[in-house]
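Coordinates from target_24.cif are shown below (mmCIF, C-alpha atoms, pLDDT in the B column; chains and numbers go by the auth columns).
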```
data_target
#
loop_
_atom_site.group_PDB
_atom_site.id
_atom_site.type_symbol
_atom_site.label_atom_id
_atom_site.label_comp_id
_atom_site.label_asym_id
_atom_site.label_seq_id
_atom_site.Cartn_x
_atom_site.Cartn_y
_atom_site.Cartn_z
_atom_site.B_iso_or_equiv
_atom_site.auth_seq_id
_atom_site.auth_asym_id
ATOM 1 C CA MET A 1 10.423 14.631 -16.645 81.00 1 Q
ATOM 2 C CA LYS A 2 8.387 12.244 -14.529 89.00 2 Q
ATOM 3 C CA ALA A 3 9.976 9.646 -12.259 92.00 3 Q
ATOM 4 C CA ALA A 4 8.350 6.948 -14.413 91.00 4 Q
ATOM 5 C CA ASP A 5 10.356 8.239 -17.392 91.00 5 Q
ATOM 6 C CA ILE A 6 13.756 7.607 -15.797 95.00 6 Q
ATOM 7 C CA PRO A 7 13.925 3.859 -16.618 96.00 7 Q
ATOM 8 C CA LYS A 8 12.932 4.668 -20.205 96.00 8 Q
ATOM 9 C CA VAL A 9 15.638 7.316 -20.541 97.00 9 Q
ATOM 10 C CA VAL A 10 18.166 4.893 -19.064 98.00 10 Q
ATOM 11 C CA PHE A 11 17.040 2.218 -21.544 98.00 11 Q
ATOM 12 C CA PHE A 12 17.615 4.508 -24.530 98.00 12 Q
ATOM 13 C CA ILE A 13 20.980 5.634 -23.170 98.00 13 Q
ATOM 14 C CA VAL A 14 22.029 1.997 -22.711 98.00 14 Q
ATOM 15 C CA VAL A 15 20.962 1.145 -26.274 98.00 15 Q
ATOM 16 C CA CYS A 16 23.054 4.023 -27.599 98.00 16 Q
ATOM 17 C CA GLN A 17 26.008 3.077 -25.394 98.00 17 Q
ATOM 18 C CA LEU A 18 25.778 -0.488 -26.727 97.00 18 Q
ATOM 19 C CA ALA A 19 26.143 0.872 -30.246 96.00 19 Q
ATOM 20 C CA GLY A 20 29.198 2.752 -29.023 96.00 20 Q
ATOM 21 C CA GLY A 21 30.491 -0.438 -27.431 96.00 21 Q
ATOM 22 C CA ILE A 22 30.170 -2.279 -30.728 96.00 22 Q
ATOM 23 C CA GLY A 23 32.142 0.492 -32.384 94.00 23 Q
ATOM 24 C CA SER A 24 34.762 0.345 -29.625 95.00 24 Q
ATOM 25 C CA TYR A 25 35.178 -3.384 -30.203 96.00 25 Q
ATOM 26 C CA PHE A 26 36.676 -2.546 -33.594 96.00 26 Q
ATOM 27 C CA THR A 27 38.300 0.738 -32.605 95.00 27 Q
ATOM 28 C CA VAL A 28 40.326 -0.046 -29.487 94.00 28 Q
ATOM 29 C CA PRO A 29 42.569 -2.783 -30.960 96.00 29 Q
ATOM 30 C CA ALA A 30 43.454 -0.607 -33.974 96.00 30 Q
ATOM 31 C CA ILE A 31 44.505 2.513 -32.054 94.00 31 Q
ATOM 32 C CA PRO A 32 47.973 1.587 -30.750 94.00 32 Q
ATOM 33 C CA GLY A 33 49.299 0.224 -34.031 95.00 33 Q
ATOM 34 C CA TRP A 34 47.404 1.025 -37.185 97.00 34 Q
ATOM 35 C CA TYR A 35 45.741 4.307 -36.182 95.00 35 Q
ATOM 36 C CA ALA A 36 48.817 5.601 -34.341 94.00 36 Q
ATOM 37 C CA ASN A 37 50.847 5.185 -37.535 95.00 37 Q
ATOM 38 C CA LEU A 38 48.372 6.968 -39.823 95.00 38 Q
ATOM 39 C CA LYS A 39 49.388 10.346 -41.136 95.00 39 Q
ATOM 40 C CA LYS A 40 46.817 12.633 -39.484 94.00 40 Q
ATOM 41 C CA PRO A 41 46.094 16.356 -39.754 94.00 41 Q
ATOM 42 C CA LEU A 42 47.931 18.641 -37.347 94.00 42 Q
ATOM 43 C CA LEU A 43 44.723 19.549 -35.475 95.00 43 Q
ATOM 44 C CA THR A 44 43.703 15.932 -34.759 95.00 44 Q
ATOM 45 C CA PRO A 45 42.768 15.748 -31.052 95.00 45 Q
ATOM 46 C CA PRO A 46 44.841 13.483 -28.789 93.00 46 Q
ATOM 47 C CA ASP A 47 43.559 9.917 -28.424 91.00 47 Q
ATOM 48 C CA TRP A 48 42.436 10.401 -24.802 93.00 48 Q
ATOM 49 C CA VAL A 49 39.809 12.958 -25.897 95.00 49 Q
ATOM 50 C CA PHE A 50 37.755 10.544 -27.966 92.00 50 Q
ATOM 51 C CA ALA A 51 36.400 8.197 -25.263 93.00 51 Q
ATOM 52 C CA PRO A 52 34.795 10.851 -23.014 96.00 52 Q
ATOM 53 C CA VAL A 53 33.448 12.727 -26.028 96.00 53 Q
ATOM 54 C CA TRP A 54 31.837 9.601 -27.499 95.00 54 Q
ATOM 55 C CA VAL A 55 30.381 8.506 -24.154 96.00 55 Q
ATOM 56 C CA THR A 56 28.868 11.978 -23.719 98.00 56 Q
ATOM 57 C CA LEU A 57 27.593 11.977 -27.287 97.00 57 Q
ATOM 58 C CA TYR A 58 25.873 8.609 -26.854 97.00 58 Q
ATOM 59 C CA VAL A 59 24.262 9.774 -23.578 98.00 59 Q
ATOM 60 C CA LEU A 60 22.890 12.837 -25.371 98.00 60 Q
ATOM 61 C CA MET A 61 21.714 10.664 -28.268 97.00 61 Q
ATOM 62 C CA GLY A 62 19.869 8.420 -25.796 98.00 62 Q
ATOM 63 C CA ILE A 63 18.134 11.441 -24.278 97.00 63 Q
ATOM 64 C CA ALA A 64 17.278 12.754 -27.740 96.00 64 Q
ATOM 65 C CA VAL A 65 15.720 9.487 -28.902 97.00 65 Q
ATOM 66 C CA PHE A 66 13.729 9.293 -25.658 97.00 66 Q
ATOM 67 C CA LEU A 67 12.336 12.778 -26.301 95.00 67 Q
ATOM 68 C CA ILE A 68 11.272 11.694 -29.790 94.00 68 Q
ATOM 69 C CA TRP A 69 9.859 8.385 -28.542 93.00 69 Q
ATOM 70 C CA ARG A 70 7.637 9.990 -25.895 92.00 70 Q
ATOM 71 C CA GLU A 71 5.977 12.355 -28.408 86.00 71 Q
ATOM 72 C CA THR A 72 3.066 10.043 -29.194 77.00 72 Q
ATOM 73 C CA ARG A 73 0.958 12.786 -30.756 81.00 73 Q
ATOM 74 C CA TYR A 74 3.059 12.957 -33.924 79.00 74 Q
ATOM 75 C CA GLY A 75 2.306 9.461 -35.273 86.00 75 Q
ATOM 76 C CA LYS A 76 3.975 8.851 -38.632 90.00 76 Q
ATOM 77 C CA PRO A 77 6.567 11.662 -38.391 91.00 77 Q
ATOM 78 C CA ARG A 78 7.611 10.224 -35.029 92.00 78 Q
ATOM 79 C CA GLN A 79 7.921 6.732 -36.517 92.00 79 Q
ATOM 80 C CA LYS A 80 10.019 8.107 -39.355 92.00 80 Q
ATOM 81 C CA ALA A 81 12.272 9.983 -36.914 93.00 81 Q
ATOM 82 C CA LEU A 82 12.778 6.835 -34.825 95.00 82 Q
ATOM 83 C CA LEU A 83 13.563 4.793 -37.943 95.00 83 Q
ATOM 84 C CA LEU A 84 16.080 7.381 -39.144 94.00 84 Q
ATOM 85 C CA PHE A 85 17.644 7.523 -35.687 95.00 85 Q
ATOM 86 C CA GLY A 86 17.980 3.737 -35.565 96.00 86 Q
ATOM 87 C CA THR A 87 19.492 3.707 -39.043 95.00 87 Q
ATOM 88 C CA GLN A 88 22.016 6.374 -38.027 95.00 88 Q
ATOM 89 C CA LEU A 89 22.894 4.448 -34.874 96.00 89 Q
ATOM 90 C CA VAL A 90 23.571 1.241 -36.814 95.00 90 Q
ATOM 91 C CA LEU A 91 25.538 3.088 -39.489 95.00 91 Q
ATOM 92 C CA ASN A 92 27.551 4.865 -36.809 94.00 92 Q
ATOM 93 C CA ALA A 93 28.618 1.531 -35.294 94.00 93 Q
ATOM 94 C CA LEU A 94 29.281 0.199 -38.791 96.00 94 Q
ATOM 95 C CA TRP A 95 31.641 3.104 -39.498 96.00 95 Q
ATOM 96 C CA SER A 96 34.006 1.847 -36.800 96.00 96 Q
ATOM 97 C CA LEU A 97 34.065 -1.541 -38.498 97.00 97 Q
ATOM 98 C CA LEU A 98 34.756 0.064 -41.873 98.00 98 Q
ATOM 99 C CA PHE A 99 37.490 2.445 -40.713 98.00 99 Q
ATOM 100 C CA PHE A 100 39.120 0.694 -37.759 97.00 100 Q
ATOM 101 C CA GLY A 101 38.063 -2.944 -38.233 97.00 101 Q
ATOM 102 C CA LEU A 102 39.003 -3.076 -41.907 98.00 102 Q
ATOM 103 C CA ARG A 103 41.762 -0.519 -41.313 98.00 103 Q
ATOM 104 C CA SER A 104 40.608 1.329 -44.375 98.00 104 Q
ATOM 105 C CA PRO A 105 40.340 5.122 -44.583 97.00 105 Q
ATOM 106 C CA LEU A 106 38.607 4.678 -47.949 98.00 106 Q
ATOM 107 C CA ALA A 107 35.923 2.408 -46.480 98.00 107 Q
ATOM 108 C CA GLY A 108 35.563 4.895 -43.605 97.00 108 Q
ATOM 109 C CA LEU A 109 35.082 7.709 -46.111 97.00 109 Q
ATOM 110 C CA VAL A 110 32.354 5.743 -47.888 97.00 110 Q
ATOM 111 C CA GLY A 111 30.694 5.129 -44.507 96.00 111 Q
ATOM 112 C CA ILE A 112 30.829 8.831 -43.621 96.00 112 Q
ATOM 113 C CA ILE A 113 29.273 9.748 -46.967 96.00 113 Q
ATOM 114 C CA ILE A 114 26.452 7.264 -46.345 94.00 114 Q
ATOM 115 C CA LEU A 115 25.954 8.711 -42.839 93.00 115 Q
ATOM 116 C CA ALA A 116 25.816 12.222 -44.299 93.00 116 Q
ATOM 117 C CA VAL A 117 23.127 11.180 -46.788 90.00 117 Q
ATOM 118 C CA PHE A 118 20.902 9.694 -44.079 78.00 118 Q
#
```
Here is the file; what I need is its structure written in the form of structure tokens.
Amino acid sequence: MKAADIPKVVFFIVVCQLAGGIGSYFTVPAIPGWYANLKKPLLTPPDWVFAPVWVTLYVLMGIAVFLIWRETRYGKPRQKALLLFGTQLVLNALWSLLFFGLRSPLAGLVGIIILAVF
């Protein structure tokens, strides 16, 4: 990677982290009450695991979208990949609204199915 690429990578990481921040806006208030009282599977990770995992995931997503963005030689396939990535990013933030914001496992399930299709 060239030094000139660093601000671009940082930009894409920040965009992805902003999507995570939007999701957190709906998630954080629901955790102590609503989510804590849900009946969850035995193997559900402890709450403290989620924040570092999501931050890491969004950093990796930012790097991934940068790698796609810089591949100018692929034209239309590149545009399609960027569009699909952007759609996934928006839907990912929307899932937090559906599940945590609306406090609805059913709405969250619908959101996950939509994410799986895209």
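Nearest residue to Leu94 in chain Q among Q:Tyr58, Q:Tyr25, Q:Tyr74, Q:Phe11 is Q:Tyr25, counting all atoms listed in the file.
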Sphere at (16.1, 4.5, -34.3), radius 12 Å, counting all atoms listed in the file: residues as a list in words: Phe12, Val15, Cys16, Ala19, Met61, Gly62, Ala64, Val65, Phe66, Ile68, Trp69, Arg78, Gln79, Lys80, Ala81, Leu82, Leu83, Leu84, Phe85, Gly86, Thr87, Gln88, Leu89, Val90, Leu91 and Asn92 of chain Q
C-alpha atoms of the current selection, written as a PDB file, keeping the file's coordinate frame:
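Saved file out-v3.pdb follows:
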```pdb
ATOM      1  CA  PHE Q  12      17.615   4.508 -24.530  1.00 98.00           C
ATOM      2  CA  VAL Q  15      20.962   1.145 -26.274  1.00 98.00           C
ATOM      3  CA  CYS Q  16      23.054   4.023 -27.599  1.00 98.00           C
ATOM      4  CA  ALA Q  19      26.143   0.872 -30.246  1.00 96.00           C
ATOM      5  CA  MET Q  61      21.714  10.664 -28.268  1.00 97.00           C
ATOM      6  CA  GLY Q  62      19.869   8.420 -25.796  1.00 98.00           C
ATOM      7  CA  ALA Q  64      17.278  12.754 -27.740  1.00 96.00           C
ATOM      8  CA  VAL Q  65      15.720   9.487 -28.902  1.00 97.00           C
ATOM      9  CA  PHE Q  66      13.729   9.293 -25.658  1.00 97.00           C
ATOM     10  CA  ILE Q  68      11.272  11.694 -29.790  1.00 94.00           C
ATOM     11  CA  TRP Q  69       9.859   8.385 -28.542  1.00 93.00           C
ATOM     12  CA  ARG Q  78       7.611  10.224 -35.029  1.00 92.00           C
ATOM     13  CA  GLN Q  79       7.921   6.732 -36.517  1.00 92.00           C
ATOM     14  CA  LYS Q  80      10.019   8.107 -39.355  1.00 92.00           C
ATOM     15  CA  ALA Q  81      12.272   9.983 -36.914  1.00 93.00           C
ATOM     16  CA  LEU Q  82      12.778   6.835 -34.825  1.00 95.00           C
ATOM     17  CA  LEU Q  83      13.563   4.793 -37.943  1.00 95.00           C
ATOM     18  CA  LEU Q  84      16.080   7.381 -39.144  1.00 94.00           C
ATOM     19  CA  PHE Q  85      17.644   7.523 -35.687  1.00 95.00           C
ATOM     20  CA  GLY Q  86      17.980   3.737 -35.565  1.00 96.00           C
ATOM     21  CA  THR Q  87      19.492   3.707 -39.043  1.00 95.00           C
ATOM     22  CA  GLN Q  88      22.016   6.374 -38.027  1.00 95.00           C
ATOM     23  CA  LEU Q  89      22.894   4.448 -34.874  1.00 96.00           C
ATOM     24  CA  VAL Q  90      23.571   1.241 -36.814  1.00 95.00           C
ATOM     25  CA  LEU Q  91      25.538   3.088 -39.489  1.00 95.00           C
ATOM     26  CA  ASN Q  92      27.551   4.865 -36.809  1.00 94.00           C
TER      27      ASN Q  92
END
```
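Taking CA of Ala116 in chain Q and CA of Phe99 in chain Q as the two end points, the separation is 15.6 Å.
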Near-range 34-42 of chain Q list (10 Å; all atoms listed in the file; drop same-chain fewer than 5 positions) as a PyMOL selection string: chain Q and resi 27-29+47+99-100+103-105
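CA of Ala30 in chain Q is positioned 7.3 Å from CA of Gly101 in chain Q.
Atom to atom, CA of Val9 in chain Q and CA of Arg70 in chain Q stand 10.0 Å apart.
Nearest residue to Ser24 in chain Q among Q:Leu106, Q:Pro77, Q:Trp95, Q:Ile63 is Q:Trp95, counting only C-alpha atoms.
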